[in-house]
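Trainee: I am attaching a structure below and will ask some questions about it afterwards.
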There are 2 protein chains.
Amino acid sequence: MTAMSPSICRRDLDFLLYEWLAAERLLQEPRYAHLDRAALDAVLDAAQKLATERFSPFAAKLDAEEPRLERGRVSIIPELKEALDAYLAAGFLCAPFDLESGGLQFPYLISSAASSLFSAANGPALGYPMLTAAAANLLRAHGTPEQQRRYLKPLIEGRWFGTMCLSEPQAGSSLADVRTRATPQADGLFSMVGGKMWISGGEHELTENIVHLVLARIDGAPAGVQGLSLFIVPRYRVNEDGTLGAANGVRLVGLNHKMGCRGTVNTVLSFGDTPCVGELVGRPNEGLARMFHMMNEARIGVGLAAAASGYAAYRYALAYARQRLQGRRLAQRDPHRPPVAIIEHPDVRRMLLQQKAYVEGGLALCLYCARLVDEQATAPDATRREATRRLLELLTPIAKAWPAEFCLEANKLAIQVLGGYGYTRDYPLERLYRDNRLNAIHEGTNGIQALDLLGRKVPMHNGTAFEALLERMRDSARRAAAHDALSEPAHALATAVARIARTTETLLTAAAQGRVEPALGNAWLYLEMLGHAVVAWLWLEQALCAHAAQSTAPEADRAFYAGKLGACRYFFRYELPRAARHAELLERLDETCLTLATEAF
Amino acid sequence: MTAMSPSICRRDLDFLLYEWLAAERLLQEPRYAHLDRAALDAVLDAAQKLATERFSPFAAKLDAEEPRLERGRVSIIPELKEALDAYLAAGFLCAPFDLESGGLQFPYLISSAASSLFSAANGPALGYPMLTAAAANLLRAHGTPEQQRRYLKPLIEGRWFGTMCLSEPQAGSSLADVRTRATPQADGLFSMVGGKMWISGGEHELTENIVHLVLARIDGAPAGVQGLSLFIVPRYRVNEDGTLGAANGVRLVGLNHKMGCRGTVNTVLSFGDTPCVGELVGRPNEGLARMFHMMNEARIGVGLAAAASGYAAYRYALAYARQRLQGRRLAQRDPHRPPVAIIEHPDVRRMLLQQKAYVEGGLALCLYCARLVDEQATAPDATRREATRRLLELLTPIAKAWPAEFCLEANKLAIQVLGGYGYTRDYPLERLYRDNRLNAIHEGTNGIQALDLLGRKVPMHNGTAFEALLERMRDSARRAAAHDALSEPAHALATAVARIARTTETLLTAAAQGRVEPALGNAWLYLEMLGHAVVAWLWLEQALCAHAAQSTAPEADRAFYAGKLGACRYFFRYELPRAARHAELLERLDETCLTLATEAF
């Protein structure tokens, strides 16, 4: 068996970044004037090398020997800190941040591409810097200059790691019931008391401090999400001069033991058993808005992790299928003939192509959104910045949930390609499958993403962002229709867009008429429908590039482009029809699930 | 959190067995004349009690502390042997066997129902007696009287356990490449040499002997599956008087460490490092035919295990959803109102109803097939016996593969209902999910089942078995059409049957014309299509029963019947449309996966 490190295909990454998403055009923006193509390639080369040499080798061990409590402290195998130190030293955490913040001011598109390489190699290890970057992003956007001086810099440097403390045992999906209290002190700080649940990276000894960003309710604030504020609650207090002070009353109650993603320590925390002090970030009672303002990158990050996990599994299964000999072709069963590589079997090819369509599609979706982040940051005027922001807001629930659902399906298929071997712990596929199952749950369950998509994002601003998305899709369909080879998917996409527009109209009308539950009840099916159409659209875009490049491509590259065209064809013929089926159901405003009495389940 | 044992709902079991499958009518057959309703109920009561009290409590421990090697022997936690001894003492293993074989001669339908209860409580523990029953069935059907005397009796009594040794490291799905050799000896026995892989229950200290049924090739036999013979290879040789002799050269090379189903020890065995002797079962070169002759029960057993795993997870998620408070209803977001049980949320109801439709449908399918086993055994004449056998042959690939695919999806949804808690090891759902993933792989992968269905079973006997199945489905549709409340699914089923007949015609015609790969390449999609239609048909049958019973049912039972009608409606509206989508693709004889060059993946 190949002792290969499962990973993203670099040729694909280069295609997506340079041939499709025109990353080099981004470099013309003033913000990236200090960079050139060589610099971008160097980052990807370095990421590939570090991921392969330092992240991949201990991924299995990190899962088998998960973080545990040892004499009251969280103990993690030493390879994690070594790998993360190398990651930080190479500049990967600070890469997308502004130069003036101590970052390298790389496009978010490139740092996302780099993240996909690390995620494919060892997703749980990447959890720590990803959470830290999210915390840093929040403070960059909403912290005072003083807060940024004391907390942002160490986070961007990776000297301290960060966490997002939202959920509590009784408040998972519904943050309205968060009970953690913040009592104002005379010094302007707040006394924090409460318990938090599911806190990834909540405690460890990887860094000298941990910066918890905590959602809590100031005494007397309104009930519900409108009464939540955001606080900085460091593990150790931070003195004026930046040195560390006393422990800040954040107690590790226990560790959660997960099915997968075990290397990212998951904790139950208690604030305030001993004095615990927090600093308000932004204005009171705007905590959730603050947090969700930064959620786009976090959601893309989860989608990217899901895509990377499925992608790595696909590449592993593909390599296996190319060399594992078993059976003979359907039309040539003569047992005297030698067995063939299983990639020759139609059922295996189908499973591989389904994986390819899902995982390369998922990666394309997340990188497309990452580029929108850069477009928003470099927009020439407020109008275009706002339009880009709205499109991003609309797409991010899909970018989070679609790969979490369908790239997990790819993980399942990858196991199936390996048969019994895929089910054993000697091969990485069962671990990747276990790891990826989390992505549909954390950072807002897939069901919550669907409600956000249909209930908020599609109708927002009078549906103009949604219409702008549809128009982008129609535009791609029109461009593709000019090519005979792409006329079938072009037509299918245009048809799907028209259907989705009609279905959406039906749902929003019903919601506006007060039929909220029938309109939103099947929101997940709506996300599947729109998500499939969006991924189909991005496949058509990839196919347009591949089609244009194919005729003049060097011989060695023709197979690559043929693969893109084949996967596009697969997605349109085997996957997109799901959207029409969901559309039918949604348009009926079906109430089967609503009308069945609770006691009848 | 409820400390409940996940299990099959007894009310549902009674409905399926007595109200739908008319188990009591079976008792009119001479074969079951010694039994009455009370005896059947007693078996189910005893199974429920034993499963809850002795199987369920150590299921988590058996997974966490999997079988391991200790000083050269397989060491398993003691609770397993204790539970299995109680299982054997109660007569569950011998239950379906003939009285004259030492069995209790219960209908296979009833012992399957009992198995579902044990499987839901602790599937891996049940693996040992299930394999033993399969081995016993083979010897019952094909062993000589002497072989039955020496091997069958101890197996049926459970004094010895049995295994099925087919696969080898280089021969998983393709048994044609089995290399284990059997060299004839002067005494009529055979000297066995070879290695076997993935042997469940291959070695342990639970019983004083293990009876391996081994596929091997007699020296000089033809290549391929036509040269395979079946052998009895006991761990310890068995003397004339039934006492145990010397070790028989079966060496444990190592244990496979699986993602799930860990309690069923999985081994790599080597035969013949020291002298290893086997006895031929049946005639030379007919080993595979012998083995597959008994495969129906084994396949139903795997399907049943898959259905039970998903079913247990569903019941657990349902109980959780009824008491877990979180959030408020979509149309009543006032945070001053108390949170509601999550079963009030449409998205949760959708996930629950989808699970219910899958798992109760899967259980119905397997019990329907189990009843066919009994009908075959009690058929009044050879014609009807043969017709029943053919229907069973046709249905068993579906009975194995459909629950393995869709009841696993139910496991995934059950985790999602519990959110983060479902992902932790404190709750049984992640274990059930890991366990159930195996069922699509072992005992013939789902892809192999699909090829068997479309390539052999559908066309066999000029398609008469297939036509007989379709006629049963049309008959149910006609009966349902007489009721207004069921006219929608009745019409949908009739339409689906007509479509499937057309699609099948197209595929078989293409195969007959030599277009084998386009015809069979998407066989998995064919199995999904026909499987969904079959499960829809069985849902309509359940709905017919529920509809008839509902109006006169006691108040307390109305919710149960409403649940059946609701799940039927769900399956027809949300699931069956998948079949039409697959039909379209199959009719096109789509070659996307075939024509993409191997290097392009």
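The chains in the structure tokens are called A, B, ... from first to last as shown; in each chain the residues are counted from 1, and the ligands are counted from 1 in the order shown.
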Taking only C-alpha atoms into account, find every residue of chain A that has an atom no more than 6 Å from chain B, and write it out as number ranges by chain.

Mentor: A: 174, 223-224, 257-259, 327, 335, 346-347, 349-350, 419, 423-425, 441, 521, 559-560, 562-563, 593, 600-601

Trainee: If you measure from CA of Tyr108 (chain A) to CA of Arg290 (chain A), what distance in Å do you get, rounded to one decimal?

Mentor: 20.2 Å

Trainee: Just want the 7 Å neighbourhood of Glu66 (chain A), counted on only C-alpha atoms, with same-chain residues fewer than 5 positions away dropped. Output as a PDB file with N, CA and C atoms, in the first residue's frame.

Mentor:
ATOM      1  N   ILE A  76      -0.944  17.056  25.542  1.00  0.00           N
ATOM      2  CA  ILE A  76      -1.080  16.700  24.120  1.00  0.00           C
ATOM      3  C   ILE A  76       0.285  16.220  23.633  1.00  0.00           C
ATOM      4  N   ARG A 262     -10.268  14.590  17.142  1.00  0.00           N
ATOM      5  CA  ARG A 262      -9.886  14.492  18.550  1.00  0.00           C
ATOM      6  C   ARG A 262      -8.704  15.376  18.910  1.00  0.00           C
ATOM      7  N   GLY A 263      -7.854  15.642  17.940  1.00  0.00           N
ATOM      8  CA  GLY A 263      -6.656  16.419  18.240  1.00  0.00           C
ATOM      9  C   GLY A 263      -6.944  17.857  18.615  1.00  0.00           C
TER      10      GLY A 263
END

Trainee: Which of region 80-298 of chain B counts as alpha helix (DSSP H) under DSSP, as a ChimeraX atom specification please?

Mentor: /B:80-89,108-142,145-147,153-157,287-293,295-298

Trainee: What does the structure give for the distance between CA of Arg37 (chain B) and CA of Pro554 (chain B), in Å to one decimal?

Mentor: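 Distance reported for this atom pair: 21.4 Å.
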
Trainee: As a list in words, please: the residues near region 146-150 of chain B (cut-off 9 Å, only C-alpha atoms, same-chain neighbours under 5 positions excluded).

Mentor: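 Contacts, in chain order: Ser101, Ala136, Leu139, Arg140, Ile232, Val238, Asn239, Glu240, Asp241, Gly242, Glu279 and Val281 of chain B.
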
Trainee: Keeping only all heavy atoms, write those residues as a tab-separated table (two decimals), in the first residue's frame.

Mentor:
chain	number	residue	atom	x	y	z
B	101	SER	N	-32.84	-31.48	14.67
B	101	SER	CA	-31.43	-31.04	14.69
B	101	SER	C	-31.07	-30.48	16.05
B	101	SER	O	-29.95	-30.00	16.23
B	101	SER	CB	-31.18	-29.95	13.64
B	101	SER	OG	-31.38	-30.44	12.33
B	136	ALA	N	-23.90	-23.23	10.63
B	136	ALA	CA	-24.77	-24.37	10.91
B	136	ALA	C	-25.75	-24.60	9.77
B	136	ALA	O	-26.00	-25.74	9.36
B	136	ALA	CB	-25.53	-24.14	12.21
B	139	LEU	N	-24.03	-26.43	6.94
B	139	LEU	CA	-23.82	-27.85	7.19
B	139	LEU	C	-25.13	-28.62	7.20
B	139	LEU	O	-25.20	-29.77	6.79
B	139	LEU	CB	-23.09	-28.03	8.53
B	139	LEU	CG	-21.63	-27.57	8.51
B	139	LEU	CD1	-20.98	-27.78	9.87
B	139	LEU	CD2	-20.84	-28.30	7.43
B	140	ARG	N	-26.18	-27.95	7.67
B	140	ARG	CA	-27.49	-28.58	7.66
B	140	ARG	C	-27.91	-28.88	6.23
B	140	ARG	O	-28.46	-29.94	5.93
B	140	ARG	CB	-28.51	-27.66	8.34
B	140	ARG	CG	-29.93	-28.19	8.31
B	140	ARG	CD	-30.91	-27.16	8.87
B	140	ARG	NE	-30.95	-25.91	8.11
B	140	ARG	CZ	-31.56	-25.76	6.93
B	140	ARG	NH1	-32.17	-26.78	6.37
B	140	ARG	NH2	-31.53	-24.59	6.33
B	232	ILE	N	-14.66	-28.03	5.92
B	232	ILE	CA	-14.73	-27.84	7.37
B	232	ILE	C	-13.31	-27.91	7.89
B	232	ILE	O	-12.60	-28.90	7.66
B	232	ILE	CB	-15.55	-28.97	8.05
B	232	ILE	CG1	-16.98	-28.99	7.53
B	232	ILE	CG2	-15.51	-28.81	9.57
B	232	ILE	CD1	-17.75	-30.23	7.96
B	238	VAL	N	-11.54	-32.99	15.72
B	238	VAL	CA	-12.66	-33.60	16.44
B	238	VAL	C	-12.59	-35.11	16.28
B	238	VAL	O	-12.59	-35.64	15.17
B	238	VAL	CB	-14.00	-33.07	15.89
B	238	VAL	CG1	-15.18	-33.70	16.63
B	238	VAL	CG2	-14.05	-31.56	15.98
B	239	ASN	N	-12.47	-35.81	17.42
B	239	ASN	CA	-12.37	-37.27	17.37
B	239	ASN	C	-13.72	-37.89	17.01
B	239	ASN	O	-14.75	-37.23	16.99
B	239	ASN	CB	-11.91	-37.78	18.74
B	239	ASN	CG	-10.53	-37.25	19.07
B	239	ASN	OD1	-9.66	-37.19	18.21
B	239	ASN	ND2	-10.33	-36.85	20.32
B	240	GLU	N	-13.68	-39.17	16.73
B	240	GLU	CA	-14.89	-39.92	16.40
B	240	GLU	C	-15.99	-39.73	17.44
B	240	GLU	O	-17.17	-39.62	17.12
B	240	GLU	CB	-14.56	-41.43	16.33
B	240	GLU	CG	-14.13	-41.90	14.95
B	240	GLU	CD	-15.27	-41.79	13.94
B	240	GLU	OE1	-16.41	-42.17	14.28
B	240	GLU	OE2	-15.01	-41.30	12.82
B	241	ASP	N	-15.53	-39.71	18.70
B	241	ASP	CA	-16.53	-39.65	19.78
B	241	ASP	C	-16.94	-38.22	20.10
B	241	ASP	O	-17.63	-37.97	21.08
B	241	ASP	CB	-15.99	-40.34	21.03
B	241	ASP	CG	-14.74	-39.65	21.56
B	241	ASP	OD1	-14.30	-38.65	20.93
B	241	ASP	OD2	-14.18	-40.09	22.59
B	242	GLY	N	-16.48	-37.31	19.27
B	242	GLY	CA	-16.89	-35.93	19.49
B	242	GLY	C	-16.00	-35.14	20.41
B	242	GLY	O	-16.16	-33.93	20.55
B	279	GLU	N	-12.19	-31.18	5.87
B	279	GLU	CA	-13.13	-32.14	5.28
B	279	GLU	C	-13.93	-31.45	4.20
B	279	GLU	O	-14.47	-30.36	4.44
B	279	GLU	CB	-14.15	-32.61	6.32
B	279	GLU	CG	-13.67	-33.61	7.32
B	279	GLU	CD	-14.84	-34.06	8.20
B	279	GLU	OE1	-15.90	-34.48	7.65
B	279	GLU	OE2	-14.69	-33.98	9.43
B	281	VAL	N	-17.01	-30.40	2.07
B	281	VAL	CA	-18.47	-30.33	2.24
B	281	VAL	C	-19.09	-30.28	0.86
B	281	VAL	O	-18.73	-29.43	0.04
B	281	VAL	CB	-18.89	-29.06	3.02
B	281	VAL	CG1	-20.41	-28.98	3.14
B	281	VAL	CG2	-18.25	-29.03	4.39

Trainee: Please run DSSP on the backbone and report, as a count of residues only, all residues within region 20-175 of chain B that come out as strand (DSSP E or B).

Mentor: 14
